[in-house]
file target39.csv (CSV, C-alpha atoms)
chain,number,residue,atom,x,y,z
A,1,GLY,CA,71.0,95.1,87.7
A,2,ARG,CA,72.6,91.7,87.1
A,3,TYR,CA,75.1,93.0,84.6
A,4,ALA,CA,76.3,95.6,87.1
A,5,GLN,CA,76.7,93.0,89.9
A,6,ASN,CA,78.6,90.7,87.6
A,7,TYR,CA,80.8,93.5,86.2
A,8,GLU,CA,81.7,94.6,89.7
A,9,LYS,CA,82.6,91.0,90.8
A,10,GLN,CA,84.9,90.7,87.8
A,11,HIS,CA,86.4,94.2,87.5
A,12,GLY,CA,85.7,95.9,90.8
A,13,ILE,CA,87.9,93.5,92.8
A,14,VAL,CA,91.7,93.5,92.6
A,15,LYS,CA,94.4,91.2,93.9
A,16,VAL,CA,97.2,93.5,95.3
A,17,LEU,CA,100.7,92.3,95.7
A,18,GLY,CA,101.3,91.1,99.3
A,19,MET,CA,97.7,91.1,100.4
A,20,SER,CA,96.3,87.7,101.5
A,21,GLY,CA,93.2,88.0,99.3
A,22,PRO,CA,91.4,90.2,96.7
A,23,SER,CA,90.1,93.6,97.8
A,24,PRO,CA,87.3,95.8,96.5
A,25,LEU,CA,88.8,98.4,94.2
A,26,GLU,CA,86.9,101.1,96.2
A,27,GLU,CA,88.9,100.3,99.3
A,28,ILE,CA,92.4,100.7,97.8
A,29,TYR,CA,91.9,103.1,94.9
A,30,THR,CA,93.6,106.5,95.0
A,31,LYS,CA,92.3,109.1,92.6
A,32,VAL,CA,94.8,109.7,89.8
A,33,GLN,CA,96.0,112.9,88.1
A,34,VAL,CA,96.9,113.2,84.5
A,35,PHE,CA,98.9,115.4,82.1
A,36,LEU,CA,97.4,116.3,78.8
A,37,GLY,CA,99.8,114.9,76.1
A,38,ASP,CA,102.9,112.7,76.5
A,39,GLU,CA,105.6,114.1,78.6
A,40,GLY,CA,108.4,112.4,76.7
A,41,LYS,CA,107.6,113.4,73.1
A,42,SER,CA,109.6,116.6,73.1
A,43,LEU,CA,112.8,114.8,74.2
A,44,ASP,CA,114.3,113.8,70.9
A,45,SER,CA,117.8,112.6,71.8
A,46,VAL,CA,119.7,110.7,74.5
A,47,ASP,CA,121.3,114.0,75.5
A,48,ASP,CA,117.9,115.6,76.0
A,49,LEU,CA,116.8,112.7,78.1
A,50,GLU,CA,120.0,112.8,80.2
A,51,ALA,CA,119.7,116.6,80.8
A,52,ALA,CA,116.0,116.5,81.7
A,53,PHE,CA,116.5,113.6,84.1
A,54,ARG,CA,119.6,115.0,85.9
A,55,GLN,CA,117.9,118.4,86.2
A,56,THR,CA,115.1,117.0,88.4
A,57,ASN,CA,117.7,115.3,90.7
A,58,ASN,CA,115.4,112.3,91.2
A,59,ARG,CA,114.3,109.2,89.4
A,60,SER,CA,111.7,111.0,87.3
A,61,PHE,CA,112.1,113.6,84.5
A,62,ALA,CA,108.5,114.7,84.5
A,63,SER,CA,108.1,118.5,85.0
A,64,LYS,CA,106.9,119.4,88.5
A,65,GLU,CA,105.5,122.6,87.1
A,66,ARG,CA,103.4,121.0,84.4
A,67,PRO,CA,99.7,121.4,85.3
A,68,LYS,CA,97.8,118.2,86.3
A,69,ARG,CA,94.1,117.5,86.1
A,70,PRO,CA,91.9,114.9,87.8
A,71,GLY,CA,91.8,111.8,85.5
A,72,LEU,CA,88.0,111.3,85.8
A,73,GLU,CA,87.4,115.0,84.9
A,74,VAL,CA,89.3,114.5,81.7
A,75,ALA,CA,87.5,111.2,81.0
A,76,ASN,CA,84.2,113.1,81.2
A,77,GLU,CA,85.4,115.6,78.7
A,78,LYS,CA,87.0,113.4,76.0
A,79,GLN,CA,84.9,111.0,74.0
A,80,PHE,CA,88.1,109.2,72.8
A,81,LEU,CA,90.8,109.0,75.4
A,82,MET,CA,94.3,107.3,75.3
A,83,VAL,CA,95.8,106.8,78.7
A,84,LEU,CA,99.6,106.6,78.6
A,85,GLY,CA,102.0,105.7,81.4
A,86,GLY,CA,105.0,103.6,82.4
A,87,PRO,CA,104.8,100.1,83.9
A,88,GLY,CA,102.9,99.9,87.2
A,89,THR,CA,101.5,103.4,87.0
A,90,GLY,CA,97.9,102.3,87.5
A,91,LYS,CA,96.5,102.5,84.0
A,92,SER,CA,94.4,99.4,84.2
A,93,THR,CA,93.1,100.3,87.7
A,94,PHE,CA,92.1,103.7,86.4
A,95,LEU,CA,90.1,102.2,83.5
A,96,ARG,CA,88.4,99.8,85.9
A,97,ARG,CA,87.5,102.7,88.2
A,98,ILE,CA,85.9,104.7,85.3
A,99,GLY,CA,83.8,101.6,84.5
A,100,LEU,CA,82.6,101.4,88.0
A,101,GLU,CA,81.7,105.1,88.1
A,102,ALA,CA,79.7,104.6,84.9
A,103,LEU,CA,77.7,101.8,86.4
A,104,ARG,CA,76.5,104.1,89.2
A,105,GLY,CA,74.7,106.3,86.8
A,106,ARG,CA,73.7,109.7,88.3
A,107,GLN,CA,75.4,108.7,91.6
A,108,GLY,CA,78.8,108.1,89.9
A,109,GLU,CA,81.5,110.6,88.9
A,110,PHE,CA,81.3,109.6,85.2
A,111,LYS,CA,78.8,112.0,83.8
A,112,HIS,CA,77.6,110.0,80.7
A,113,ARG,CA,74.9,107.4,80.8
A,114,CYS,CA,76.9,104.5,79.3
A,115,ILE,CA,77.2,100.8,79.9
A,116,PRO,CA,80.9,100.0,80.5
A,117,VAL,CA,82.6,97.0,78.7
A,118,PHE,CA,86.1,96.2,79.9
A,119,ILE,CA,88.3,94.3,77.4
A,120,GLU,CA,91.8,93.2,78.0
A,121,LEU,CA,93.6,93.5,74.7
A,122,LYS,CA,96.2,90.9,75.6
A,123,GLN,CA,93.5,88.3,74.6
A,124,PHE,CA,94.3,89.3,71.0
A,125,ARG,CA,97.9,88.0,71.2
A,126,SER,CA,97.0,85.5,68.5
A,127,GLY,CA,94.1,84.6,66.1
A,128,ASP,CA,91.3,86.7,64.8
A,129,ILE,CA,90.4,90.2,66.2
A,130,ASP,CA,86.7,90.8,66.5
A,131,ILE,CA,86.0,93.7,68.9
A,132,ARG,CA,82.2,93.6,68.3
A,133,GLN,CA,82.0,89.9,69.1
A,134,THR,CA,84.2,90.3,72.1
A,135,ILE,CA,81.8,92.9,73.5
A,136,ALA,CA,78.8,90.6,72.8
A,137,ASP,CA,80.7,87.8,74.6
A,138,GLU,CA,81.2,90.1,77.6
A,139,PHE,CA,77.4,90.7,77.8
A,140,ARG,CA,76.7,87.0,77.4
A,141,VAL,CA,79.2,86.0,80.2
A,142,ARG,CA,77.8,88.8,82.5
A,143,GLY,CA,74.2,87.5,82.1
A,144,PHE,CA,72.6,89.6,79.4
A,145,PRO,CA,69.7,87.9,77.6
A,146,ASP,CA,69.7,88.2,73.9
A,147,HIS,CA,73.3,89.6,74.1
A,148,GLU,CA,73.9,89.7,70.3
A,149,ARG,CA,70.9,91.9,69.5
A,150,PHE,CA,71.5,94.0,72.6
A,151,THR,CA,75.1,94.6,71.5
A,152,ASP,CA,74.1,95.9,68.1
A,153,LYS,CA,71.4,98.1,69.5
A,154,ALA,CA,73.6,99.6,72.2
A,155,LEU,CA,76.4,100.3,69.6
A,156,GLU,CA,73.9,101.9,67.2
A,157,GLN,CA,72.5,104.2,70.0
A,158,GLY,CA,75.9,105.2,71.4
A,159,LYS,CA,75.2,103.6,74.8
A,160,LEU,CA,78.6,102.0,75.4
A,161,LEU,CA,81.8,103.0,77.2
A,162,VAL,CA,84.3,100.6,75.6
A,163,LEU,CA,87.4,100.3,77.9
A,164,LEU,CA,90.3,98.7,75.9
A,165,ASP,CA,93.1,97.9,78.3
A,166,GLY,CA,96.7,97.2,77.6
A,167,LEU,CA,97.5,97.9,74.0
A,168,ASP,CA,101.2,97.3,74.8
A,169,GLU,CA,100.4,93.7,75.9
A,170,VAL,CA,99.4,92.7,72.4
A,171,ALA,CA,101.9,90.4,70.7
A,172,THR,CA,104.3,92.3,68.4
A,173,GLU,CA,103.1,90.4,65.3
A,174,GLN,CA,99.5,91.4,66.0
A,175,ILE,CA,99.8,95.0,67.0
A,176,ASN,CA,99.3,96.6,63.6
A,177,LYS,CA,96.2,94.4,63.1
A,178,VAL,CA,94.8,95.4,66.5
A,179,ILE,CA,95.4,99.1,65.9
A,180,GLN,CA,93.7,99.0,62.6
A,181,GLN,CA,90.7,97.0,64.0
A,182,ILE,CA,90.3,99.5,66.9
A,183,GLN,CA,90.4,102.5,64.5
A,184,ASN,CA,87.9,100.8,62.1
A,185,PHE,CA,85.6,100.0,65.0
A,186,VAL,CA,85.8,103.5,66.5
A,187,ASP,CA,85.0,105.0,63.1
A,188,LEU,CA,82.0,102.7,62.6
A,189,HIS,CA,80.6,103.2,66.1
A,190,ASP,CA,81.7,106.8,66.8
A,191,GLN,CA,78.5,107.6,68.8
A,192,ASN,CA,80.0,105.6,71.7
A,193,ARG,CA,82.8,106.5,74.1
A,194,PHE,CA,86.2,104.8,74.1
A,195,ILE,CA,89.1,104.8,76.5
A,196,THR,CA,92.2,102.7,75.9
A,197,SER,CA,95.6,102.4,77.7
A,198,CYS,CA,99.1,101.7,76.7
A,199,ARG,CA,102.7,102.2,77.9
A,200,VAL,CA,104.0,105.5,76.7
A,201,THR,CA,106.8,104.1,74.6
A,202,ALA,CA,104.8,101.3,73.0
A,203,TYR,CA,102.4,103.8,71.5
A,204,CYS,CA,103.7,105.1,68.3
A,205,HIS,CA,100.6,104.5,66.0
A,206,ASN,CA,98.5,107.5,66.9
A,207,LEU,CA,94.9,106.5,66.9
A,208,ARG,CA,93.4,109.5,65.0
A,209,ARG,CA,90.6,110.6,67.2
A,210,PHE,CA,92.1,109.9,70.6
A,211,THR,CA,93.3,112.6,73.0
A,212,GLU,CA,96.4,111.5,74.8
A,213,VAL,CA,96.9,111.9,78.5
A,214,ALA,CA,99.9,110.7,80.6
A,215,MET,CA,99.5,109.3,84.1
A,216,ALA,CA,101.1,111.7,86.7
A,217,GLU,CA,103.2,110.5,89.6
A,218,PHE,CA,101.6,110.6,93.0
A,219,ASP,CA,101.9,113.8,95.0
A,220,ASP,CA,102.2,113.8,98.8
A,221,GLU,CA,98.5,113.8,99.3
A,222,GLN,CA,98.0,110.8,97.0
A,223,LEU,CA,101.0,109.0,98.6
A,224,HIS,CA,99.4,109.4,102.1
A,225,LYS,CA,96.0,108.2,100.8
A,226,PHE,CA,97.6,105.2,99.1
A,227,ILE,CA,99.5,104.2,102.3
A,228,ASN,CA,96.3,104.7,104.4
A,229,ASN,CA,94.3,102.5,102.0
A,230,TRP,CA,97.0,99.8,102.0
A,231,PHE,CA,97.1,99.6,105.8
A,232,ARG,CA,93.4,100.3,106.1
A,233,ASN,CA,93.0,97.7,108.9
A,234,ALA,CA,96.1,99.0,110.8
A,235,PRO,CA,95.9,102.9,110.9
A,236,GLU,CA,98.8,103.2,113.4
A,237,THR,CA,101.0,101.2,111.1
A,238,ALA,CA,100.0,103.4,108.2
A,239,GLN,CA,100.9,106.6,110.2
A,240,ASP,CA,104.3,105.1,111.2
A,241,CYS,CA,105.1,104.1,107.6
A,242,TRP,CA,104.2,107.6,106.3
A,243,GLN,CA,106.3,109.3,108.9
A,244,LYS,CA,109.4,107.1,108.5
A,245,LEU,CA,109.2,107.3,104.7
A,246,TYR,CA,110.2,111.0,104.9
A,247,LEU,CA,113.1,110.5,107.3
A,248,SER,CA,116.4,111.6,105.8
A,249,GLU,CA,117.9,108.1,106.0
A,250,ASN,CA,115.1,106.8,103.7
A,251,VAL,CA,115.8,108.9,100.6
A,252,ALA,CA,116.4,105.7,98.6
A,253,VAL,CA,112.9,104.5,99.7
A,254,GLN,CA,111.3,107.8,98.6
A,255,GLU,CA,112.8,107.2,95.1
A,256,LEU,CA,110.7,104.1,94.7
A,257,THR,CA,107.3,105.7,95.4
A,258,GLN,CA,106.8,106.9,91.9
A,259,THR,CA,104.4,104.2,90.8
A,260,PRO,CA,101.6,102.3,92.6
A,261,PHE,CA,103.3,99.0,92.0
A,262,LEU,CA,106.6,100.1,93.6
A,263,LEU,CA,104.7,101.9,96.4
A,264,THR,CA,103.0,98.6,97.1
A,265,LEU,CA,106.4,97.0,97.5
A,266,ILE,CA,107.4,99.7,100.0
A,267,CYS,CA,104.2,99.0,102.0
A,268,LEU,CA,104.9,95.3,101.9
A,269,LEU,CA,108.5,95.7,103.1
A,270,TYR,CA,107.3,97.9,106.0
A,271,LYS,CA,104.4,95.4,106.9
A,272,TYR,CA,106.9,92.6,107.6
A,273,ASP,CA,109.8,94.5,109.2
A,274,ARG,CA,108.2,97.7,110.5
A,275,LYS,CA,111.2,99.5,109.0
A,276,PHE,CA,112.8,100.0,105.6
A,277,PRO,CA,116.1,98.4,104.6
A,278,ALA,CA,119.0,100.6,105.7
A,279,LYS,CA,121.1,99.9,102.6
A,280,ARG,CA,120.0,101.1,99.2
A,281,ALA,CA,121.5,97.9,97.5
A,282,ILE,CA,119.3,95.7,99.7
A,283,LEU,CA,116.2,97.7,98.9
A,284,TYR,CA,116.8,97.6,95.2
A,285,GLU,CA,117.6,93.9,95.3
A,286,LYS,CA,114.2,93.2,96.9
A,287,ALA,CA,112.4,95.5,94.4
A,288,LEU,CA,114.1,93.8,91.5
A,289,ARG,CA,113.3,90.3,92.7
A,290,VAL,CA,109.7,91.1,93.2
A,291,MET,CA,109.4,92.6,89.7
A,292,LEU,CA,111.2,89.6,88.1
A,293,GLU,CA,109.0,87.1,90.0
A,294,GLU,CA,105.7,88.8,90.6
A,295,TRP,CA,105.1,91.3,87.8
A,296,ALA,CA,103.9,89.0,85.0
A,297,GLY,CA,101.7,87.1,87.5
A,298,GLU,CA,100.1,90.3,88.8
A,299,LYS,CA,99.4,91.5,85.2
A,300,GLY,CA,98.3,88.1,84.0
A,301,ILE,CA,100.9,88.2,81.2
A,302,PRO,CA,101.8,84.8,79.7
A,303,GLN,CA,105.3,83.8,80.7
A,304,GLU,CA,107.7,83.3,77.8
A,305,GLU,CA,110.5,80.8,78.2
A,306,LEU,CA,112.8,81.9,75.4
A,307,TYR,CA,115.8,79.9,76.4
A,308,ARG,CA,116.4,77.0,78.8
A,309,GLY,CA,118.3,78.3,81.8
A,310,LEU,CA,117.1,82.0,81.5
A,311,ASP,CA,115.6,82.0,85.0
A,312,THR,CA,115.2,84.7,87.6
A,313,ARG,CA,118.7,84.4,88.9
A,314,LEU,CA,120.3,84.7,85.5
A,315,LYS,CA,118.1,87.7,84.6
A,316,GLU,CA,119.2,89.4,87.8
A,317,THR,CA,122.9,88.8,86.8
A,318,LEU,CA,122.2,90.0,83.3
A,319,LEU,CA,120.5,93.2,84.5
A,320,SER,CA,123.3,93.8,87.0
A,321,GLU,CA,125.8,93.6,84.1
A,322,ILE,CA,123.8,96.2,82.1
A,323,ALA,CA,123.5,98.5,85.1
A,324,TYR,CA,127.2,98.2,85.9
A,325,ASN,CA,128.2,99.0,82.3
A,326,GLY,CA,125.9,102.1,82.4
A,327,PHE,CA,127.3,103.1,85.8
A,328,ILE,CA,131.0,103.0,84.8
A,329,LYS,CA,130.2,105.1,81.7
A,330,ASP,CA,128.0,107.5,83.8
A,331,CYS,CA,125.1,106.9,81.4
A,332,LEU,CA,121.5,107.0,82.7
A,333,PHE,CA,120.1,106.0,79.3
A,334,LEU,CA,121.4,103.4,76.8
A,335,PRO,CA,120.4,103.0,73.2
A,336,ARG,CA,118.2,100.0,72.7
A,337,ARG,CA,120.5,98.3,70.2
A,338,ASP,CA,123.4,98.5,72.7
A,339,ILE,CA,121.4,96.7,75.4
A,340,ALA,CA,120.2,94.1,72.9
A,341,LYS,CA,123.9,93.5,71.9
A,342,GLN,CA,125.0,93.2,75.6
A,343,ILE,CA,122.2,90.7,76.3
A,344,GLN,CA,123.1,88.6,73.2
A,345,GLU,CA,126.8,88.5,74.1
A,346,PHE,CA,126.2,87.8,77.8
A,347,LEU,CA,123.8,84.9,77.0
A,348,GLU,CA,125.9,83.4,74.2
A,349,GLU,CA,128.7,83.1,76.8
A,350,LEU,CA,126.5,81.4,79.4
A,351,LEU,CA,123.9,79.4,77.4
A,352,THR,CA,126.3,77.4,75.3
A,353,ASP,CA,123.7,74.8,74.4
A,354,GLU,CA,121.6,77.3,72.5
A,355,PRO,CA,122.4,77.5,68.8
A,356,SER,CA,121.5,81.1,68.5
A,357,ILE,CA,120.5,83.9,70.9
A,358,ASN,CA,118.3,86.8,69.9
A,359,GLY,CA,119.2,89.7,72.2
A,360,GLU,CA,116.3,91.9,71.0
A,361,ALA,CA,113.7,89.2,71.7
A,362,VAL,CA,115.1,88.8,75.3
A,363,LEU,CA,115.0,92.6,75.8
A,364,LYS,CA,111.4,92.7,74.6
A,365,SER,CA,110.4,89.8,76.9
A,366,ILE,CA,111.9,91.5,79.9
A,367,GLU,CA,110.1,94.8,79.1
A,368,VAL,CA,106.7,93.1,78.8
A,369,GLN,CA,106.9,90.5,81.5
A,370,HIS,CA,108.7,92.3,84.2
A,371,GLY,CA,108.5,96.1,83.7
A,372,VAL,CA,112.1,96.5,84.7
A,373,LEU,CA,113.5,97.9,81.5
A,374,VAL,CA,111.6,100.9,80.2
A,375,GLU,CA,112.0,102.2,76.7
A,376,LEU,CA,111.9,106.0,76.2
A,377,ARG,CA,111.6,106.5,72.4
A,378,SER,CA,115.0,105.2,71.2
A,379,CYS,CA,116.5,104.7,74.6
A,380,THR,CA,116.1,102.2,77.5
A,381,ARG,CA,116.7,102.6,81.2
A,382,LEU,CA,116.3,100.6,84.4
A,383,ILE,CA,113.4,102.1,86.3
call {"tool": "encode", "arguments": {"input": "target39.csv", "output": "structure tokens"}}
result
Amino acid sequence: GRYAQNYEKQHGIVKVLGMSGPSPLEEIYTKVQVFLGDEGKSLDSVDDLEAAFRQTNNRSFASKERPKRPGLEVANEKQFLMVLGGPGTGKSTFLRRIGLEALRGRQGEFKHRCIPVFIELKQFRSGDIDIRQTIADEFRVRGFPDHERFTDKALEQGKLLVLLDGLDEVATEQINKVIQQIQNFVDLHDQNRFITSCRVTAYCHNLRRFTEVAMAEFDDEQLHKFINNWFRNAPETAQDCWQKLYLSENVAVQELTQTPFLLTLICLLYKYDRKFPAKRAILYEKALRVMLEEWAGEKGIPQEELYRGLDTRLKETLLSEIAYNGFIKDCLFLPRRDIAKQIQEFLEELLTDEPSINGEAVLKSIEVQHGVLVELRSCTRLI
């Protein structure tokens, strides 16, 4: 009906980095796999993280032997689902896809007769938190008559699939309130189905009823599908990209295929040059520049200007300094407090007009806005 059409217009179309315009999610979506539970929770120390990471001999420390399951299959089984993953792993896209499948009813892959409501939790960065009113507003905007009464009736009858996207994008000062409101709302309306998403390391509150799953990295079949989808109007280019990706001289490129966001960058580089950068440093420089300049825009995250002069170029230099210090110490992971201290000392030396620098605030801003630094429990690493 009308709601389905409006929902699909809003949440079934995505703007992908490097593409000239928005595309239907159907045309670019690659089915995801998930792990039950959080891969990182058993790694309790920096030494554990270092050992696990080095053992795999690549940029991931996820176990290759750990069994994966189709994400939609798990979503069908679990009434309350928490989708965890790193930056750019496709959590939001996965939630949008589940909503589209629910709209299709019996023709879709979601096996419960529910009306999906997609809510971006970043809208609760300030002010009051009223999930029920937000749902009613979604129905109003999407063209439902008598949306208030319909909302209450649907909740009472357990007819809703509530998709709460991006818990990690809630402002720090609001996060406890948002968590509590979600828990209260779920307890009050527990006949409905709920799926929410969050970065792995931002999730330490443990919503009681929710089963946790972690987004799995793409396997070869998914990589091939993703590249074919990205170059869907140029199949020969897709095939060339796929074949060259696995040449021995492109090992550095293969390391950047772990998330859909970085894989998109790989396709974008190949689109323009029909080859990959020969030097690893050039490839990483391009990747870093895109993440510093494009990430927040792609995610719709408000830009924070903490200090005058803290622009992309200065952030590049700052991150280079952090990476260099880690390199000379042969450390893959650094304690968060050490990085915050490095940031503070670096900026105090260069931004002399600022009366005080908060290194922890800058670190948090880079994590949220750019996805370059990733916290793993008590540690942080460059992705």
call {"tool": "atom_distance", "arguments": {"input": "target39.csv", "atom1": "CA of Glu349 (chain A)", "atom2": "CA of Arg337 (chain A)"}}
result
18.5 Å
call {"tool": "closest_residue", "arguments": {"input": "target39.csv", "among": "A:Lys68, A:Arg280, A:Arg193, A:His224", "to": "Phe210 (chain A)", "atoms": "all atoms listed in the file"}}
result
A:Arg193
call {"tool": "closest_residue", "arguments": {"input": "target39.csv", "among": "A:Leu161, A:Ile357, A:Val74, A:Ala136", "to": "Ala214 (chain A)", "atoms": "only C-alpha atoms"}}
result
A:Val74
call {"tool": "closest_residue", "arguments": {"input": "target39.csv", "among": "A:Glu138, A:Asp146, A:Glu217, A:Glu169", "to": "Val368 (chain A)", "atoms": "all atoms listed in the file"}}
result
A:Glu169
call {"tool": "closest_residue", "arguments": {"input": "target39.csv", "among": "A:Gln369, A:Asn192, A:Gln344, A:Gln222", "to": "Asp168 (chain A)", "atoms": "all atoms listed in the file"}}
result
A:Gln369
call {"tool": "closest_residue", "arguments": {"input": "target39.csv", "among": "A:Tyr246, A:Trp230, A:Phe185, A:Phe194", "to": "Glu77 (chain A)", "atoms": "only C-alpha atoms"}}
result
A:Phe194
call {"tool": "residues_around", "arguments": {"input": "target39.csv", "residues": "Arg209 (chain A)", "least_positions_apart": "4", "cutoff": "9 Å", "atoms": "only C-alpha atoms", "output": "list of chain:residue names"}}
result
A:Gln79, A:Phe80, A:Leu81, A:Gln183, A:Val186, A:Asp187
call {"tool": "atom_distance", "arguments": {"input": "target39.csv", "atom1": "CA of Thr237 (chain A)", "atom2": "CA of Leu223 (chain A)"}}
result
14.7 Å
call {"tool": "closest_residue", "arguments": {"input": "target39.csv", "among": "A:Val372, A:Leu121, A:Leu350, A:Cys331", "to": "Pro87 (chain A)", "atoms": "all atoms listed in the file"}}
result
A:Val372
call {"tool": "residues_around", "arguments": {"input": "target39.csv", "residues": "region 323-327 of chain A", "least_positions_apart": "4", "cutoff": "10 Å", "atoms": "all atoms listed in the file", "output": "PyMOL selection string"}}
result
chain A and resi 317-319+331-334+339+342+381-382
call {"tool": "atom_distance", "arguments": {"input": "target39.csv", "atom1": "CA of Glu345 (chain A)", "atom2": "CA of Val170 (chain A)"}}
result
27.8 Å
call {"tool": "residues_near_point", "arguments": {"input": "target39.csv", "point": "(117.1, 96.5, 75.2)", "cutoff": "7 Å", "atoms": "only C-alpha atoms", "output": "ChimeraX atom specification"}}
result
/A:336-337,339-340,360,363-364,380
call {"tool": "write_last_selection", "arguments": {"input": "target39.csv", "atoms": "C-alpha atoms", "output": "PDB file, in the coordinates of the input"}}
result
ATOM      1  CA  ARG A 336     118.200 100.000  72.700  1.00  0.00           C
ATOM      2  CA  ARG A 337     120.500  98.300  70.200  1.00  0.00           C
ATOM      3  CA  ILE A 339     121.400  96.700  75.400  1.00  0.00           C
ATOM      4  CA  ALA A 340     120.200  94.100  72.900  1.00  0.00           C
ATOM      5  CA  GLU A 360     116.300  91.900  71.000  1.00  0.00           C
ATOM      6  CA  LEU A 363     115.000  92.600  75.800  1.00  0.00           C
ATOM      7  CA  LYS A 364     111.400  92.700  74.600  1.00  0.00           C
ATOM      8  CA  THR A 380     116.100 102.200  77.500  1.00  0.00           C
TER       9      THR A 380
END
call {"tool": "residues_around", "arguments": {"input": "target39.csv", "residues": "Arg132 (chain A)", "least_positions_apart": "6", "cutoff": "12 Å", "atoms": "only C-alpha atoms", "output": "VMD selection string"}}
result
chain A and resid 117 119 138 to 139 147 to 156 160 162 181 to 182 184 to 186 188 to 189
